[in-house]
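Here the structure is laid out as structure tokens; the discussion comes afterwards.
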Amino acid sequence: MQVGRDRLFTILKANRMLIRPKTSYHITTNSHHRFRKHRNLIKKIDIERPEQVWVSDITYIGNRSNPMYLALVTDAYSKKIVGYDVSNSLDVSGSCKALIMARKNRKTDKMLLHHSDRGLQYCSGEYQKILSKNNIKCSMTQAYDPYENAIAERINGILKQEFIGNTKHLKLKTMKQLVSNSIQIYNNKRPHYSNYYLTPQQMHQQQKIQMRTYKSKKLNEDILVELN
């Protein structure tokens, strides 16, 4: 009998055969700053097409002696990573580079929301200037609830657990190449349950399929995508 990827993981989980990923906590969000924090604008909207909502986040992919950070911009509808940058600093420049890449990859001029946490990088004048110049509206989480930026958090986890793995010893140049290759595979080869098993790229090239949603236990609203 043939089984798909999700069925396989269900079987492994039921038999306690899954390898539990090591969890390490590294703070990448500094919301104690003087810059303006924006309202959450995506709570009650229906995401119906690509380039309607982008979600951004920064995740830690290095180690204590070799710190590295991955900044991502992901399309909320298709789960396609549209912008990214790897750097050895939490400086705002990494997030700006990811946003500029996403802007260059943008195909339409329709209304676009950018959603993120309230970190210094996203609230900074430099980042906000790029959003404003490109007529992108800014939305931010209102609390430390991970459900408020669940899509970005989930994409972080997929890349780290399925693609990057235990590579924290790599030097920056090699890590940049690994991340680039991983994102190419992720966008073009990895199907998503929330995309009805289309890849992010396939989902991104159409807008007829209704996005799967789930009810957040904390927010009690159908606002975020159920990710596999």
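Chain lettering (A, B, ...) mirrors the order of the structure tokens, residue numbering begins at 1 for each chain separately, and ligand numbering begins at 1 in order of display.
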
How close does region 80-135 of chain A get to region 173-177 of chain A? List, as JSON lines, each residue of region 80-135 of chain A within 10 Å, its nearest atom pair and the distance in Å to one decimal, counting only C-alpha atoms.
```
{"residue": "A:Tyr84", "atom": "CA", "partner": "A:Lys176", "partner_atom": "CA", "distance": 10.0}
{"residue": "A:Asp85", "atom": "CA", "partner": "A:Lys176", "partner_atom": "CA", "distance": 7.9}
{"residue": "A:Val86", "atom": "CA", "partner": "A:Lys176", "partner_atom": "CA", "distance": 5.9}
{"residue": "A:Ser87", "atom": "CA", "partner": "A:Lys176", "partner_atom": "CA", "distance": 8.2}
```

Save the residues we just selected, C-alpha atoms, as a short mmCIF file (atom, residue, chain, number, x, y, z; two decimals), in the first residue's frame?
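Below is the file that was written, result-v9.cif:
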```cif
data_model
loop_
_atom_site.label_atom_id
_atom_site.label_comp_id
_atom_site.auth_asym_id
_atom_site.auth_seq_id
_atom_site.Cartn_x
_atom_site.Cartn_y
_atom_site.Cartn_z
CA TYR A 84 14.75 36.60 2.34
CA ASP A 85 18.15 37.52 3.69
CA VAL A 86 20.76 35.79 5.85
CA SER A 87 23.07 37.91 7.99
#
```

Considering only C-alpha atoms, tabulate each residue of region 106-219 of chain A that lies at most 9 Å from region 98-102 of chain A along with its nearest interatomic pair and the corresponding distance in Å to one decimal; arrange the rows by chain and ascending residue number and present them as a tab-separated table.
```
residue	atom	partner	partner_atom	distance
A:Arg106	CA	A:Ala102	CA	6.2
A:Tyr127	CA	A:Leu99	CA	8.3
A:Ile130	CA	A:Ile100	CA	7.7
A:Leu131	CA	A:Leu99	CA	8.5
```

Per DSSP on the backbone, what are the strand (DSSP E or B) residues of region 110-141 of chain A, as a PDB file with N, CA and C atoms, in the first residue's frame?
```pdb
ATOM      1  N   LEU A 112      -1.960  45.823  -0.819  1.00  0.00           N
ATOM      2  CA  LEU A 112      -1.093  44.840  -0.164  1.00  0.00           C
ATOM      3  C   LEU A 112      -0.876  45.231   1.288  1.00  0.00           C
ATOM      4  N   LEU A 113      -1.054  44.269   2.193  1.00  0.00           N
ATOM      5  CA  LEU A 113      -0.783  44.460   3.616  1.00  0.00           C
ATOM      6  C   LEU A 113       0.502  43.726   3.987  1.00  0.00           C
ATOM      7  N   HIS A 114       1.290  44.357   4.840  1.00  0.00           N
ATOM      8  CA  HIS A 114       2.500  43.729   5.372  1.00  0.00           C
ATOM      9  C   HIS A 114       2.289  43.513   6.865  1.00  0.00           C
ATOM     10  N   HIS A 115       2.339  42.253   7.307  1.00  0.00           N
ATOM     11  CA  HIS A 115       2.067  41.923   8.706  1.00  0.00           C
ATOM     12  C   HIS A 115       3.319  41.357   9.370  1.00  0.00           C
ATOM     13  N   SER A 116       3.590  41.803  10.584  1.00  0.00           N
ATOM     14  CA  SER A 116       4.786  41.364  11.314  1.00  0.00           C
ATOM     15  C   SER A 116       4.557  41.525  12.808  1.00  0.00           C
ATOM     16  N   ILE A 136       2.456  50.012   0.543  1.00  0.00           N
ATOM     17  CA  ILE A 136       2.148  48.789   1.273  1.00  0.00           C
ATOM     18  C   ILE A 136       1.702  49.178   2.682  1.00  0.00           C
ATOM     19  N   LYS A 137       0.505  48.771   3.071  1.00  0.00           N
ATOM     20  CA  LYS A 137      -0.013  49.107   4.389  1.00  0.00           C
ATOM     21  C   LYS A 137       0.611  48.220   5.459  1.00  0.00           C
ATOM     22  N   CYS A 138       0.838  48.789   6.620  1.00  0.00           N
ATOM     23  CA  CYS A 138       1.531  48.074   7.693  1.00  0.00           C
ATOM     24  C   CYS A 138       0.549  47.558   8.739  1.00  0.00           C
ATOM     25  N   SER A 139       0.706  46.283   9.094  1.00  0.00           N
ATOM     26  CA  SER A 139      -0.096  45.637  10.138  1.00  0.00           C
ATOM     27  C   SER A 139       0.858  44.937  11.100  1.00  0.00           C
ATOM     28  N   MET A 140       0.533  44.958  12.378  1.00  0.00           N
ATOM     29  CA  MET A 140       1.406  44.333  13.373  1.00  0.00           C
ATOM     30  C   MET A 140       0.610  43.584  14.421  1.00  0.00           C
TER      31      MET A 140
END
```

#### Entry: CA of Ile47 (chain A) to CA of Glu148 (chain A), straight-line distance in Å
14.6 Å

### Task
Would you list, as an MDAnalysis selection string, the residues of region 37-214 of chain A that end up in helix (DSSP H, G or I) under DSSP run on this structure's backbone?
chainID A and resid 92:105 120:123 125:133 146:164 172:189 193:195 200:204

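Look at Lys168 (chain A): the protein and nucleic acid residues within 6 Å of it, using only C-alpha atoms and passing over chain neighbours fewer than 2 places away, are Gly62, Asn63, Asn166 and Leu170 of chain A.
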
Could those residues be written to a file, using C-alpha atoms, as an mmCIF file, in the first residue's frame?
```cif
data_model
loop_
_atom_site.group_PDB
_atom_site.id
_atom_site.type_symbol
_atom_site.label_atom_id
_atom_site.label_comp_id
_atom_site.auth_asym_id
_atom_site.auth_seq_id
_atom_site.Cartn_x
_atom_site.Cartn_y
_atom_site.Cartn_z
ATOM 1 C CA GLY A 62 23.260 30.158 14.050
ATOM 2 C CA ASN A 63 24.889 29.369 17.373
ATOM 3 C CA ASN A 166 21.741 20.873 12.153
ATOM 4 C CA LEU A 170 28.436 26.577 8.678
#
```

### Message
Between A:Lys107, A:Lys160, A:Lys129, A:Arg64, which residue has the minimum interatomic distance to Glu51 (chain A), considering only C-alpha atoms?
### Response
A:Lys107

Using only C-alpha atoms, which protein or nucleic acid residues come within 8 Å of Ser78 (chain A)? Drop anything in the same chain fewer than 5 positions from it, and give the result as an mmCIF file with N, CA and C atoms, in the first residue's frame.
```cif
data_model
loop_
_atom_site.group_PDB
_atom_site.id
_atom_site.type_symbol
_atom_site.label_atom_id
_atom_site.label_comp_id
_atom_site.auth_asym_id
_atom_site.auth_seq_id
_atom_site.Cartn_x
_atom_site.Cartn_y
_atom_site.Cartn_z
ATOM 1 N N ARG A 49 -6.215 35.954 -2.350
ATOM 2 C CA ARG A 49 -5.358 35.983 -3.536
ATOM 3 C C ARG A 49 -3.899 36.189 -3.134
ATOM 4 N N PRO A 50 -2.999 35.882 -4.069
ATOM 5 C CA PRO A 50 -1.592 36.203 -3.816
ATOM 6 C C PRO A 50 -1.398 37.719 -3.756
ATOM 7 N N ASN A 195 -2.526 24.305 0.815
ATOM 8 C CA ASN A 195 -2.607 24.650 -0.613
ATOM 9 C C ASN A 195 -3.279 23.542 -1.410
ATOM 10 N N PRO A 200 3.914 26.026 -3.097
ATOM 11 C CA PRO A 200 3.710 27.474 -2.987
ATOM 12 C C PRO A 200 3.731 28.194 -4.334
ATOM 13 N N GLN A 201 4.643 27.794 -5.212
ATOM 14 C CA GLN A 201 4.714 28.433 -6.528
ATOM 15 C C GLN A 201 3.451 28.183 -7.339
ATOM 16 N N MET A 203 0.448 27.512 -6.156
ATOM 17 C CA MET A 203 -0.629 28.255 -5.514
ATOM 18 C C MET A 203 -0.528 29.743 -5.840
ATOM 19 N N HIS A 204 0.680 30.236 -5.936
ATOM 20 C CA HIS A 204 0.923 31.656 -6.163
ATOM 21 C C HIS A 204 0.531 32.084 -7.574
#
```

### Task
For CA of Arg39 (chain A) and CA of Gln121 (chain A), quote the distance in Å rounded to one decimal.
16.2 Å

### Query
Between A:Thr167, A:Gln52, A:Gln184, A:Thr74, which has the minimum distance to Ala150 (chain A) (counting only C-alpha atoms)?
A:Thr74
